[in-house]
Amino acid sequence: MRLPSGKVGFSKAMSNKWIRVDKSAADGPQVFRVVDSVEDVVQKRLQLVQAGQAEKLAEKEKSELRKRKLLTEVTLKTYWVSKGSAFSTSVSKQEAELSAEMISSGSWRDRPFKPYNFSARGVLLDCGHLHPLLKVRSQFRQIFLEMGFTEMPTDNFIESSFWNFDALFQPQQHPARDQHDTFFLRDPAEALQLPMDYVQRVKRTHSQGGYGSQGYKYTWKLDEARKNLLRTHTTAASARALYRLAQKKPFTPAKYFSIDRVFRNETLDATHLAEFHQIEGVVADHGLTLGHLMGVLREFFTKLGITQLRFKPAYNPYTEPSMEVFSYHQGLKKWVEVGNSGVFRPEMLLPMGLPENVSVIAWGLSLER
Ligand code: PHE
């Protein structure tokens, strides 16, 4: 016998254990009733829905009915719209500005005012500019970043003589270390923290030599190295950066730059103040030569728009060879010095702990001079 909902009815009756099937008979399976009466819960639930009480159904019951397409569910959203506290049928504009007339007539009392918007952007001022030096400074920084250089920390104007001079193989009797050239500090007069084992290697290199050098052959004094000063060049920061680099094993090539203030105890004139900014670039890698230095200098100055360059042999206690950099000035119609450069001496690099086949090329220029 076939009924319209026979299949569903049969399986429901089975799962509710209302009927049982006996498959042992020879002429095919037979179905037997097991209970006397049944309760049609589906019908009862549908009657609930019909009576508008669908909310009485459990979620599971609803989904069962939904599956059998006996039920569809629709979500209705209802909004209640009512009058607000400032409801009015005539719209009046809020005042944005309090005027002298409103005050004298007293009309401000009855007028609605717009609240202040404190997060509104202010009108751009049509005055105020970046200082020309700051502009050039960001231009230089941009060039270094384009060339893959990383900025060194330079946040200490006060430096010990050790990092400013001794670490750079500048002897303690060097004239630059004189009161007339350098501002020394009275308080605190001495630097207390110095990396002592490295200090010992620096002392030995100055006084006895080493690393293939005969040194300066004088009595190197720790007291002299401890003297605090206003740094006279940013090469002090480069020395710190290279020492840090040397402590990282294995050695990895590095390109560093800095742009910051330095101080010199000099006679003031129109183009020389007691303080100015230095720009410094440092490259450390295996087997760098003077050729590499000339190459980076050309690239660096070309990016600045300076293409006519000349190099002149020079002297620095910490570089060998050293070169002054000149460029042709179209306006002045002459060659002007634009920088100083060189290959750092092994007497400076090896005590730091840098590998022997690593060389470091560097150059410095002034932002304003
Ligand atoms: N320290 C040098 C100066 O003050 C500039 C310089 C930097 C020279 C690096 C060589 C290498 O003029």
# chains A, B, ... in the order shown; residues from 1 in each chain; ligands from 1
$ closest_atom_pairs --of "chain A" --to "ligand 1" --cutoff "10 Å" --atoms "only C-alpha atoms and all ligand atoms" --output "JSON lines"
{"residue": "A:Asn164", "atom": "CA", "partner": "ligand 1", "partner_atom_place_in_ligand_line": "1 (N)", "distance": 9.5}
{"residue": "A:Leu168", "atom": "CA", "partner": "ligand 1", "partner_atom_place_in_ligand_line": "1 (N)", "distance": 9.6}
{"residue": "A:Thr232", "atom": "CA", "partner": "ligand 1", "partner_atom_place_in_ligand_line": "4 (O)", "distance": 7.0}
{"residue": "A:His233", "atom": "CA", "partner": "ligand 1", "partner_atom_place_in_ligand_line": "4 (O)", "distance": 4.8}
{"residue": "A:Thr234", "atom": "CA", "partner": "ligand 1", "partner_atom_place_in_ligand_line": "1 (N)", "distance": 6.5}
{"residue": "A:Thr235", "atom": "CA", "partner": "ligand 1", "partner_atom_place_in_ligand_line": "1 (N)", "distance": 5.0}
{"residue": "A:Ala236", "atom": "CA", "partner": "ligand 1", "partner_atom_place_in_ligand_line": "1 (N)", "distance": 8.1}
{"residue": "A:Ser238", "atom": "CA", "partner": "ligand 1", "partner_atom_place_in_ligand_line": "9 (C)", "distance": 8.3}
{"residue": "A:Ala239", "atom": "CA", "partner": "ligand 1", "partner_atom_place_in_ligand_line": "9 (C)", "distance": 9.9}
{"residue": "A:Val262", "atom": "CA", "partner": "ligand 1", "partner_atom_place_in_ligand_line": "4 (O)", "distance": 8.8}
{"residue": "A:Gln278", "atom": "CA", "partner": "ligand 1", "partner_atom_place_in_ligand_line": "4 (O)", "distance": 7.6}
{"residue": "A:Ile279", "atom": "CA", "partner": "ligand 1", "partner_atom_place_in_ligand_line": "7 (C)", "distance": 8.5}
{"residue": "A:Glu280", "atom": "CA", "partner": "ligand 1", "partner_atom_place_in_ligand_line": "7 (C)", "distance": 6.1}
{"residue": "A:Gly281", "atom": "CA", "partner": "ligand 1", "partner_atom_place_in_ligand_line": "9 (C)", "distance": 7.2}
{"residue": "A:Val282", "atom": "CA", "partner": "ligand 1", "partner_atom_place_in_ligand_line": "9 (C)", "distance": 7.3}
{"residue": "A:Ala314", "atom": "CA", "partner": "ligand 1", "partner_atom_place_in_ligand_line": "8 (C)", "distance": 9.6}
{"residue": "A:Tyr315", "atom": "CA", "partner": "ligand 1", "partner_atom_place_in_ligand_line": "8 (C)", "distance": 9.0}
{"residue": "A:Asn316", "atom": "CA", "partner": "ligand 1", "partner_atom_place_in_ligand_line": "8 (C)", "distance": 6.7}
{"residue": "A:Pro317", "atom": "CA", "partner": "ligand 1", "partner_atom_place_in_ligand_line": "10 (C)", "distance": 9.1}
{"residue": "A:Tyr318", "atom": "CA", "partner": "ligand 1", "partner_atom_place_in_ligand_line": "10 (C)", "distance": 7.4}
{"residue": "A:Thr319", "atom": "CA", "partner": "ligand 1", "partner_atom_place_in_ligand_line": "10 (C)", "distance": 6.2}
{"residue": "A:Glu320", "atom": "CA", "partner": "ligand 1", "partner_atom_place_in_ligand_line": "10 (C)", "distance": 9.2}
{"residue": "A:Pro321", "atom": "CA", "partner": "ligand 1", "partner_atom_place_in_ligand_line": "10 (C)", "distance": 9.5}
{"residue": "A:Ser322", "atom": "CA", "partner": "ligand 1", "partner_atom_place_in_ligand_line": "10 (C)", "distance": 6.8}
{"residue": "A:Met323", "atom": "CA", "partner": "ligand 1", "partner_atom_place_in_ligand_line": "10 (C)", "distance": 7.9}
{"residue": "A:Glu324", "atom": "CA", "partner": "ligand 1", "partner_atom_place_in_ligand_line": "8 (C)", "distance": 8.4}
{"residue": "A:Gly339", "atom": "CA", "partner": "ligand 1", "partner_atom_place_in_ligand_line": "5 (C)", "distance": 7.3}
{"residue": "A:Asn340", "atom": "CA", "partner": "ligand 1", "partner_atom_place_in_ligand_line": "8 (C)", "distance": 4.7}
{"residue": "A:Ser341", "atom": "CA", "partner": "ligand 1", "partner_atom_place_in_ligand_line": "10 (C)", "distance": 3.7}
{"residue": "A:Gly342", "atom": "CA", "partner": "ligand 1", "partner_atom_place_in_ligand_line": "10 (C)", "distance": 4.8}
{"residue": "A:Val343", "atom": "CA", "partner": "ligand 1", "partner_atom_place_in_ligand_line": "11 (C)", "distance": 7.0}
{"residue": "A:Phe344", "atom": "CA", "partner": "ligand 1", "partner_atom_place_in_ligand_line": "11 (C)", "distance": 7.0}
{"residue": "A:Val360", "atom": "CA", "partner": "ligand 1", "partner_atom_place_in_ligand_line": "11 (C)", "distance": 9.4}
{"residue": "A:Ile361", "atom": "CA", "partner": "ligand 1", "partner_atom_place_in_ligand_line": "11 (C)", "distance": 7.2}
{"residue": "A:Ala362", "atom": "CA", "partner": "ligand 1", "partner_atom_place_in_ligand_line": "11 (C)", "distance": 4.4}
{"residue": "A:Trp363", "atom": "CA", "partner": "ligand 1", "partner_atom_place_in_ligand_line": "9 (C)", "distance": 4.0}
{"residue": "A:Gly364", "atom": "CA", "partner": "ligand 1", "partner_atom_place_in_ligand_line": "7 (C)", "distance": 4.0}
{"residue": "A:Leu365", "atom": "CA", "partner": "ligand 1", "partner_atom_place_in_ligand_line": "5 (C)", "distance": 6.5}
{"residue": "A:Ser366", "atom": "CA", "partner": "ligand 1", "partner_atom_place_in_ligand_line": "12 (O)", "distance": 8.1}
$ residues_around --residues "Lys217 (chain A)" --least-positions-apart "2" --cutoff "12 Å" --atoms "only C-alpha atoms" --output "VMD selection string"
chain A and resid 171 to 173 203 to 210 213 to 215 219 to 220
$ write_last_selection --atoms "C-alpha atoms" --output "PDB file, in the first residue's frame"
ATOM      1  CA  PRO A 171      97.321  60.614  20.414  1.00  0.00           C
ATOM      2  CA  GLN A 172      96.769  62.302  23.773  1.00  0.00           C
ATOM      3  CA  GLN A 173      99.144  65.186  22.916  1.00  0.00           C
ATOM      4  CA  LYS A 203      96.151  51.906  25.463  1.00  0.00           C
ATOM      5  CA  ARG A 204      98.566  49.246  24.199  1.00  0.00           C
ATOM      6  CA  THR A 205      98.142  50.315  20.559  1.00  0.00           C
ATOM      7  CA  HIS A 206      98.875  53.968  21.405  1.00  0.00           C
ATOM      8  CA  SER A 207     101.811  53.328  23.744  1.00  0.00           C
ATOM      9  CA  GLN A 208     103.471  50.194  22.341  1.00  0.00           C
ATOM     10  CA  GLY A 209     101.823  49.579  18.993  1.00  0.00           C
ATOM     11  CA  GLY A 210     100.514  46.242  17.767  1.00  0.00           C
ATOM     12  CA  SER A 213     101.935  49.210  13.919  1.00  0.00           C
ATOM     13  CA  GLN A 214     104.654  50.733  16.077  1.00  0.00           C
ATOM     14  CA  GLY A 215     102.173  52.987  17.843  1.00  0.00           C
ATOM     15  CA  THR A 219     102.692  56.985  28.171  1.00  0.00           C
ATOM     16  CA  TRP A 220      98.953  56.695  27.574  1.00  0.00           C
TER      17      TRP A 220
END
$ select_by_dssp --residues "region 156-295 of chain A" --states "strand (DSSP E)" --output "ChimeraX atom specification"
/A:158-160,228-230,254-263,275-286
$ atom_distance --atom1 "CA of Glu266 (chain A)" --atom2 "CA of Ala225 (chain A)"
21.9 Å
$ closest_residue --among "A:Ser24, A:Ser138, A:Gln47, A:Thr271" --to "Leu70 (chain A)" --atoms "only C-alpha atoms"
A:Gln47
$ select_by_dssp --residues "region 182-219 of chain A" --states "alpha helix (DSSP H)" --output "list in words"
Met196, Asp197, Tyr198, Val199, Gln200, Arg201, Val202, Lys203, Arg204, Thr205, His206 and Ser207 of chain A
$ atom_distance --atom1 "CA of Asp223 (chain A)" --atom2 "CA of Leu350 (chain A)"
23.0 Å
$ closest_residue --among "A:Glu224, A:Glu159, A:Glu356, A:Glu347" --to "Phe263 (chain A)" --atoms "only C-alpha atoms"
A:Glu159
$ residues_around --residues "Glu151 (chain A)" --least-positions-apart "4" --cutoff "9 Å" --atoms "only C-alpha atoms" --output "ChimeraX atom specification"
/A:141,144-145,255-259
$ write_last_selection --atoms "N, CA and C atoms" --output "CSV table (one decimal), in the first residue's frame"
chain,number,residue,atom,x,y,z
A,141,ARG,N,69.3,62.9,4.6
A,141,ARG,CA,68.8,61.7,5.2
A,141,ARG,C,68.2,60.8,4.1
A,144,PHE,N,70.9,59.1,2.0
A,144,PHE,CA,71.5,57.9,2.7
A,144,PHE,C,70.5,56.8,2.7
A,145,LEU,N,69.3,57.0,3.0
A,145,LEU,CA,68.3,55.9,3.1
A,145,LEU,C,68.2,55.3,1.7
A,255,LYS,N,76.3,49.6,6.7
A,255,LYS,CA,76.4,50.9,6.1
A,255,LYS,C,75.6,51.8,7.1
A,256,TYR,N,76.4,52.8,7.7
A,256,TYR,CA,75.8,53.6,8.7
A,256,TYR,C,75.9,55.1,8.3
A,257,PHE,N,75.0,55.9,8.8
A,257,PHE,CA,75.1,57.4,8.6
A,257,PHE,C,74.6,58.1,9.9
A,258,SER,N,75.1,59.4,10.0
A,258,SER,CA,74.6,60.2,11.1
A,258,SER,C,74.5,61.6,10.6
A,259,ILE,N,73.6,62.4,11.2
A,259,ILE,CA,73.6,63.9,10.9
A,259,ILE,C,73.3,64.5,12.3
$ closest_residue --among "A:His286, A:Arg20, A:Arg201, A:Arg231" --to "Ala274 (chain A)" --atoms "only C-alpha atoms"
A:Arg231
$ atom_distance --atom1 "CA of Ala86 (chain A)" --atom2 "CA of Met102 (chain A)"
22.6 Å
$ closest_residue --among "A:Lys334, A:Trp18, A:Pro351, A:Leu297" --to "Gln247 (chain A)" --atoms "only C-alpha atoms"
A:Pro351
$ closest_residue --among "A:Leu71, A:Leu124, A:Ile306, A:Met352" --to "Gln330 (chain A)" --atoms "only C-alpha atoms"
A:Ile306
